[in-house]
Amino acid sequence: MKAILLLLPLLLIAAQPAELKDIPYLKDATPLQKLDLYLPDKGEAPHPVVIAIHGGGWAIGDKKNHSFVQPKTRWFNEHGYIVASVNYRLSPAVRHPAHIEDVCSAIAWIQQHIARHGGDPRRIYLLGHSAGAHLAALAAVDQKRLREAGAKPSAIQGAILIDGAGYDVPRQMRTGTPLARVEGMYAEAFTLDPAVQRDASPTLKVDRKPPPFLILHVKNRIDSKLQSEGLARALESKGGTAEVVPVWGKTHMTINRDFGRPGDATTEAAARFLGLPVEPAPPRRKLRNGPPSK
């Protein structure tokens with residue numbers, strides 16, 4: 001009995017999902033050209049893979065940001081998915097196409113190496129929030145750029161986009177709100193060159209049937225609503241499927257932070273998209289009638 005008690009902490013540690021941090025995905029990687037892997041302890045290998053791309057206006061953010069990584073990684077791991085959280089070079093040090101080139105290089109690395117970690121290189125899903133949603137969408141539709149990075153477009157089984165507003169860059173630079181902030185942020189990432197802006201626009205890059213898309217946006221955020229609907233029309237025009245889901249009661253931050261929590265509408269939509277069970281919301285605590293007793 002004593003031996004079992006001594007071994008119990010080691011067994012509990014072994015049962016935890018594994019984390020592999022700061023893996024370079026290019027031969028001569030810069031500090032930002034790295035990814036983290038979160039490996040599940042549930043399900044049978046080979047595991048499907050979710051590549052998570054953080055937001056931050058293409059200028060800030062990190063693959064390890066707690067509000068982005070958790071509870072998403074825990075939720076995906078519990079359903080038998082590997083999560084790869086990816087960093088990429090940021091503006092103003094670089095401009096388009098550096099961000100998307102890094103994302104495509106990360107996808108290629110994962111396809112070439114994930115099998116040794118128990119992953120299935122043929123079942124990859126892209127997930128991103130805000131600027132990360134833009135990059136996930138662009139990677140999913142730009143097959144030429146994927147191939148140039150050494151990735152196989154056919155491995156991308158779907159994309160989950162969370163409240164992006166930059167799917168059509170020229171339009172957003174003309175009409176986004178507040179306009180002064182949008183113009184500055186987008187010009188820093190995509191320059192003032194119309195050709196560069198078009199090349200950075202998933203909506204304008206769809207030229208063949210894409211993988212399935214789940215496009216989530218905050219219900220009352222007009223920029224992401226219009227951009228989401230425009231992207232969906234472009235995807236459907238080439239024979240793709242695109243479900244646009246307006247999410248009530250969220251902000252641009254909480255729609256990302258709450259992903260993975262039981263009862264969260266964004267999580268439920270993702271579960272249905274992936275064919276996973278929808279977890280019920282936790283029961284609400286009953287309020288007492290009158291003041292609490294002393």
# chains A, B, ... in the order shown; residues from 1 in each chain; ligands from 1
call {"tool": "closest_atom_pairs", "arguments": {"of": "segment 213-279 of chain A", "to": "segment 77-90 of chain A", "cutoff": "10 Å", "atoms": "only C-alpha atoms", "output": "CSV"}}
result
residue,atom,partner,partner_atom,distance
A:Ala271,CA,A:His79,CA,9.7
A:Leu276,CA,A:His79,CA,7.7
A:Pro277,CA,A:His79,CA,9.1
call {"tool": "write_last_selection", "arguments": {"atoms": "C-alpha atoms", "output": "compact mmCIF listing (two decimals), in the first residue's frame"}}
result
# COMPACT_ATOMS: atom_id res chain seq x y z
CA ALA A 271 -18.04 21.12 -31.21
CA LEU A 276 -17.85 16.44 -31.04
CA PRO A 277 -20.37 16.15 -28.18
call {"tool": "select_by_dssp", "arguments": {"residues": "segment 17-172 of chain A", "states": "strand (DSSP E or B)", "output": "PyMOL selection string"}}
result
chain A and resi 18-24+34-39+47-53+82-86+119-129+156-162
call {"tool": "residues_around", "arguments": {"residues": "Ile51 of chain A", "least_positions_apart": "6", "cutoff": "10 Å", "atoms": "only C-alpha atoms", "output": "number ranges by chain"}}
result
A: 35-37, 82-86, 103, 106-107, 110, 124-128, 136, 159
call {"tool": "closest_residue", "arguments": {"among": "A:Glu19, A:His66, A:Ala195, A:Ile114", "to": "Ala45 of chain A", "atoms": "only C-alpha atoms"}}
result
A:Ile114
call {"tool": "closest_atom_pairs", "arguments": {"of": "segment 34-151 of chain A", "to": "segment 182-187 of chain A", "cutoff": "12 Å", "atoms": "only C-alpha atoms", "output": "CSV"}}
result
residue,atom,partner,partner_atom,distance
A:Gly56,CA,A:Met185,CA,10.2
A:Gly57,CA,A:Met185,CA,6.7
A:Trp58,CA,A:Met185,CA,8.3
A:Ala59,CA,A:Met185,CA,8.3
A:Ile60,CA,A:Met185,CA,11.1
A:Leu90,CA,A:Met185,CA,11.8
A:Ser91,CA,A:Met185,CA,9.1
A:Pro92,CA,A:Met185,CA,9.4
A:Val94,CA,A:Ala187,CA,11.7
A:Arg95,CA,A:Ala187,CA,9.0
A:His96,CA,A:Ala187,CA,10.0
A:Ala131,CA,A:Tyr186,CA,10.4
call {"tool": "write_last_selection", "arguments": {"atoms": "N, CA and C atoms", "output": "mmCIF file, in the first residue's frame"}}
result
data_model
loop_
_atom_site.group_PDB
_atom_site.id
_atom_site.type_symbol
_atom_site.label_atom_id
_atom_site.label_comp_id
_atom_site.auth_asym_id
_atom_site.auth_seq_id
_atom_site.Cartn_x
_atom_site.Cartn_y
_atom_site.Cartn_z
ATOM 1 N N GLY A 56 -3.794 39.962 -32.278
ATOM 2 C CA GLY A 56 -2.989 41.066 -31.772
ATOM 3 C C GLY A 56 -2.670 42.102 -32.828
ATOM 4 N N GLY A 57 -3.547 42.202 -33.834
ATOM 5 C CA GLY A 57 -3.354 43.219 -34.863
ATOM 6 C C GLY A 57 -2.097 43.033 -35.687
ATOM 7 N N TRP A 58 -1.605 41.787 -35.789
ATOM 8 C CA TRP A 58 -0.377 41.466 -36.539
ATOM 9 C C TRP A 58 0.858 42.142 -35.951
ATOM 10 N N ALA A 59 0.712 42.734 -34.734
ATOM 11 C CA ALA A 59 1.799 43.519 -34.155
ATOM 12 C C ALA A 59 2.163 43.096 -32.737
ATOM 13 N N ILE A 60 1.239 42.469 -32.017
ATOM 14 C CA ILE A 60 1.497 42.013 -30.650
ATOM 15 C C ILE A 60 0.895 40.619 -30.492
ATOM 16 N N LEU A 90 6.155 39.767 -36.358
ATOM 17 C CA LEU A 90 5.155 40.802 -36.131
ATOM 18 C C LEU A 90 5.556 42.130 -36.764
ATOM 19 N N SER A 91 4.535 42.910 -37.107
ATOM 20 C CA SER A 91 4.738 44.279 -37.577
ATOM 21 C C SER A 91 4.997 45.170 -36.364
ATOM 22 N N PRO A 92 5.715 46.287 -36.522
ATOM 23 C CA PRO A 92 6.179 46.880 -37.780
ATOM 24 C C PRO A 92 7.518 46.343 -38.285
ATOM 25 N N VAL A 94 8.097 43.589 -39.694
ATOM 26 C CA VAL A 94 7.839 42.972 -41.001
ATOM 27 C C VAL A 94 6.453 43.386 -41.466
ATOM 28 N N ARG A 95 6.214 43.204 -42.756
ATOM 29 C CA ARG A 95 4.885 43.441 -43.322
ATOM 30 C C ARG A 95 4.485 42.218 -44.145
ATOM 31 N N HIS A 96 3.247 42.228 -44.611
ATOM 32 C CA HIS A 96 2.786 41.148 -45.474
ATOM 33 C C HIS A 96 3.738 41.004 -46.661
ATOM 34 N N ALA A 131 -6.652 38.893 -35.646
ATOM 35 C CA ALA A 131 -5.651 38.800 -36.710
ATOM 36 C C ALA A 131 -5.288 37.352 -36.999
#
call {"tool": "select_by_dssp", "arguments": {"residues": "segment 198-229 of chain A", "states": "helix (DSSP H, G or I)", "output": "PyMOL selection string"}}
result
chain A and resi 198-199+202-205+222-229
call {"tool": "residues_around", "arguments": {"residues": "segment 229-232 of chain A", "least_positions_apart": "2", "cutoff": "8 Å", "atoms": "only C-alpha atoms", "output": "list in words"}}
result
Tyr167, Asp168, Pro202, Thr203, Ile215, Lys225, Leu226, Gln227, Ala234, Leu235, Glu236, Thr241, Ala242, Glu243 and Val244 of chain A
call {"tool": "residues_around", "arguments": {"residues": "Val247 of chain A", "least_positions_apart": "2", "cutoff": "7 Å", "atoms": "only C-alpha atoms", "output": "short mmCIF file (atom, residue, chain, number, x, y, z; two decimals) with C-alpha atoms, in the first residue's frame"}}
result
data_model
loop_
_atom_site.label_atom_id
_atom_site.label_comp_id
_atom_site.auth_asym_id
_atom_site.auth_seq_id
_atom_site.Cartn_x
_atom_site.Cartn_y
_atom_site.Cartn_z
CA LEU A 216 -17.82 33.17 -35.56
CA HIS A 217 -18.30 36.83 -34.76
CA VAL A 218 -19.55 39.01 -31.93
CA LYS A 219 -23.21 39.70 -32.67
CA VAL A 245 -22.47 32.17 -36.34
CA GLY A 249 -23.35 38.43 -25.07
CA LYS A 250 -19.65 38.51 -25.94
CA ALA A 265 -21.79 29.29 -27.37
CA THR A 266 -18.55 29.58 -29.33
#
call {"tool": "residues_around", "arguments": {"residues": "Lys152 of chain A", "least_positions_apart": "5", "cutoff": "8 Å", "atoms": "only C-alpha atoms", "output": "list of chain:residue names"}}
result
A:Ala108, A:Gln111, A:Leu146, A:Arg147
call {"tool": "closest_residue", "arguments": {"among": "A:Phe259, A:Phe76, A:Trp109, A:Phe68", "to": "Gln33 of chain A", "atoms": "only C-alpha atoms"}}
result
A:Trp109
call {"tool": "closest_residue", "arguments": {"among": "A:Arg198, A:Arg233, A:Arg74, A:Lys238", "to": "Gly260 of chain A", "atoms": "only C-alpha atoms"}}
result
A:Arg74
call {"tool": "decode", "arguments": {"residues": "segment 25-166 of chain A", "atoms": "C-alpha atoms", "output": "CSV table (one decimal), in the first residue's frame"}}
result
chain,number,residue,atom,x,y,z
A,25,TYR,CA,9.6,25.4,-37.4
A,26,LEU,CA,12.3,26.7,-39.7
A,27,LYS,CA,16.0,25.8,-39.9
A,28,ASP,CA,17.2,29.3,-39.1
A,29,ALA,CA,14.3,30.3,-37.0
A,30,THR,CA,14.1,33.7,-35.3
A,31,PRO,CA,12.7,33.8,-31.7
A,32,LEU,CA,9.2,34.3,-33.2
A,33,GLN,CA,9.3,31.4,-35.6
A,34,LYS,CA,8.5,28.8,-33.0
A,35,LEU,CA,5.5,26.8,-31.8
A,36,ASP,CA,4.3,25.0,-28.7
A,37,LEU,CA,2.7,21.5,-28.8
A,38,TYR,CA,0.0,20.4,-26.3
A,39,LEU,CA,-0.4,16.6,-26.6
A,40,PRO,CA,-3.5,14.8,-25.2
A,41,ASP,CA,-3.5,11.9,-22.8
A,42,LYS,CA,-6.9,10.7,-24.2
A,43,GLY,CA,-8.0,9.1,-27.4
A,44,GLU,CA,-6.1,6.9,-29.8
A,45,ALA,CA,-3.3,8.0,-32.1
A,46,PRO,CA,-3.0,9.3,-34.7
A,47,HIS,CA,-4.7,12.4,-33.2
A,48,PRO,CA,-6.2,15.2,-35.3
A,49,VAL,CA,-4.3,18.5,-35.0
A,50,VAL,CA,-5.5,22.0,-34.3
A,51,ILE,CA,-3.1,24.8,-35.3
A,52,ALA,CA,-3.9,27.8,-33.2
A,53,ILE,CA,-2.9,31.3,-34.4
A,54,HIS,CA,-3.0,34.2,-31.9
A,55,GLY,CA,-4.3,37.6,-32.6
A,56,GLY,CA,-3.0,41.1,-31.8
A,57,GLY,CA,-3.4,43.2,-34.9
A,58,TRP,CA,-0.4,41.5,-36.5
A,59,ALA,CA,1.8,43.5,-34.2
A,60,ILE,CA,1.5,42.0,-30.6
A,61,GLY,CA,0.4,38.8,-29.0
A,62,ASP,CA,2.1,35.5,-28.3
A,63,LYS,CA,1.5,31.7,-28.7
A,64,LYS,CA,1.6,31.3,-24.9
A,65,ASN,CA,-0.9,34.1,-24.0
A,66,HIS,CA,-3.1,32.6,-21.3
A,67,SER,CA,-6.4,34.1,-22.6
A,68,PHE,CA,-5.7,32.5,-26.0
A,69,VAL,CA,-4.2,29.2,-25.0
A,70,GLN,CA,-6.4,28.3,-22.0
A,71,PRO,CA,-9.0,26.8,-21.8
A,72,LYS,CA,-8.8,26.0,-25.5
A,73,THR,CA,-5.9,23.6,-25.3
A,74,ARG,CA,-7.5,21.8,-22.4
A,75,TRP,CA,-10.8,21.4,-24.2
A,76,PHE,CA,-9.2,20.1,-27.4
A,77,ASN,CA,-6.9,17.8,-25.5
A,78,GLU,CA,-9.9,16.3,-23.6
A,79,HIS,CA,-11.4,15.5,-27.0
A,80,GLY,CA,-8.2,13.8,-28.2
A,81,TYR,CA,-6.8,16.7,-30.3
A,82,ILE,CA,-3.2,17.9,-30.4
A,83,VAL,CA,-2.9,21.6,-30.3
A,84,ALA,CA,0.0,23.5,-31.9
A,85,SER,CA,0.1,27.1,-30.8
A,86,VAL,CA,2.1,29.2,-33.3
A,87,ASN,CA,4.1,32.4,-33.2
A,88,TYR,CA,5.0,34.4,-36.3
A,89,ARG,CA,6.9,37.6,-37.0
A,90,LEU,CA,5.2,40.8,-36.1
A,91,SER,CA,4.7,44.3,-37.6
A,92,PRO,CA,6.2,46.9,-37.8
A,93,ALA,CA,9.4,44.8,-38.1
A,94,VAL,CA,7.8,43.0,-41.0
A,95,ARG,CA,4.9,43.4,-43.3
A,96,HIS,CA,2.8,41.1,-45.5
A,97,PRO,CA,3.5,38.5,-46.6
A,98,ALA,CA,5.9,37.7,-43.7
A,99,HIS,CA,3.1,36.8,-41.3
A,100,ILE,CA,1.4,34.4,-43.6
A,101,GLU,CA,4.7,32.9,-44.8
A,102,ASP,CA,5.5,32.0,-41.2
A,103,VAL,CA,2.1,30.4,-40.6
A,104,CYS,CA,2.4,28.3,-43.8
A,105,SER,CA,5.9,27.3,-42.7
A,106,ALA,CA,4.5,26.2,-39.4
A,107,ILE,CA,1.8,24.2,-41.1
A,108,ALA,CA,4.5,22.5,-43.3
A,109,TRP,CA,6.6,21.6,-40.2
A,110,ILE,CA,3.6,20.1,-38.4
A,111,GLN,CA,2.6,18.0,-41.5
A,112,GLN,CA,6.2,16.7,-41.7
A,113,HIS,CA,6.8,16.1,-38.0
A,114,ILE,CA,3.6,15.6,-36.1
A,115,ALA,CA,3.4,11.9,-36.7
A,116,ARG,CA,6.3,11.3,-34.3
A,117,HIS,CA,4.2,13.0,-31.6
A,118,GLY,CA,1.2,10.9,-32.3
A,119,GLY,CA,-0.6,13.3,-34.7
A,120,ASP,CA,-2.3,12.7,-38.0
A,121,PRO,CA,-0.7,14.9,-40.7
A,122,ARG,CA,-3.7,14.4,-42.9
A,123,ARG,CA,-6.2,15.8,-40.3
A,124,ILE,CA,-5.3,19.4,-39.6
A,125,TYR,CA,-7.7,22.2,-38.6
A,126,LEU,CA,-6.8,25.9,-38.4
A,127,LEU,CA,-8.1,28.1,-35.6
A,128,GLY,CA,-7.4,31.8,-35.1
A,129,HIS,CA,-8.8,34.8,-33.2
A,130,SER,CA,-8.8,38.4,-34.7
A,131,ALA,CA,-5.7,38.8,-36.7
A,132,GLY,CA,-5.1,35.1,-36.2
A,133,ALA,CA,-8.5,34.4,-37.8
A,134,HIS,CA,-7.4,36.4,-40.8
A,135,LEU,CA,-4.2,34.3,-41.1
A,136,ALA,CA,-6.0,31.0,-40.6
A,137,ALA,CA,-8.5,32.0,-43.4
A,138,LEU,CA,-5.7,33.1,-45.7
A,139,ALA,CA,-3.7,29.9,-45.1
A,140,ALA,CA,-6.8,27.8,-45.8
A,141,VAL,CA,-7.5,29.4,-49.2
A,142,ASP,CA,-4.0,30.3,-50.5
A,143,GLN,CA,-3.0,26.9,-51.8
A,144,LYS,CA,-0.1,28.3,-53.8
A,145,ARG,CA,1.6,29.8,-50.7
A,146,LEU,CA,1.1,26.6,-48.7
A,147,ARG,CA,2.8,24.5,-51.5
A,148,GLU,CA,5.7,27.0,-51.6
A,149,ALA,CA,6.2,26.5,-47.9
A,150,GLY,CA,6.2,22.7,-48.4
A,151,ALA,CA,2.7,22.0,-47.1
A,152,LYS,CA,-0.1,20.0,-48.6
A,153,PRO,CA,-3.3,21.9,-48.9
A,154,SER,CA,-5.4,18.7,-48.9
A,155,ALA,CA,-4.4,18.1,-45.2
A,156,ILE,CA,-6.4,21.2,-44.1
A,157,GLN,CA,-9.8,19.7,-43.1
A,158,GLY,CA,-11.4,22.9,-41.9
A,159,ALA,CA,-10.9,26.4,-40.4
A,160,ILE,CA,-12.5,27.9,-37.2
A,161,LEU,CA,-12.4,31.7,-37.3
A,162,ILE,CA,-13.1,33.8,-34.1
A,163,ASP,CA,-14.2,37.4,-34.6
A,164,GLY,CA,-11.9,38.4,-37.4
A,165,ALA,CA,-12.5,41.7,-39.3
A,166,GLY,CA,-9.7,41.7,-41.9
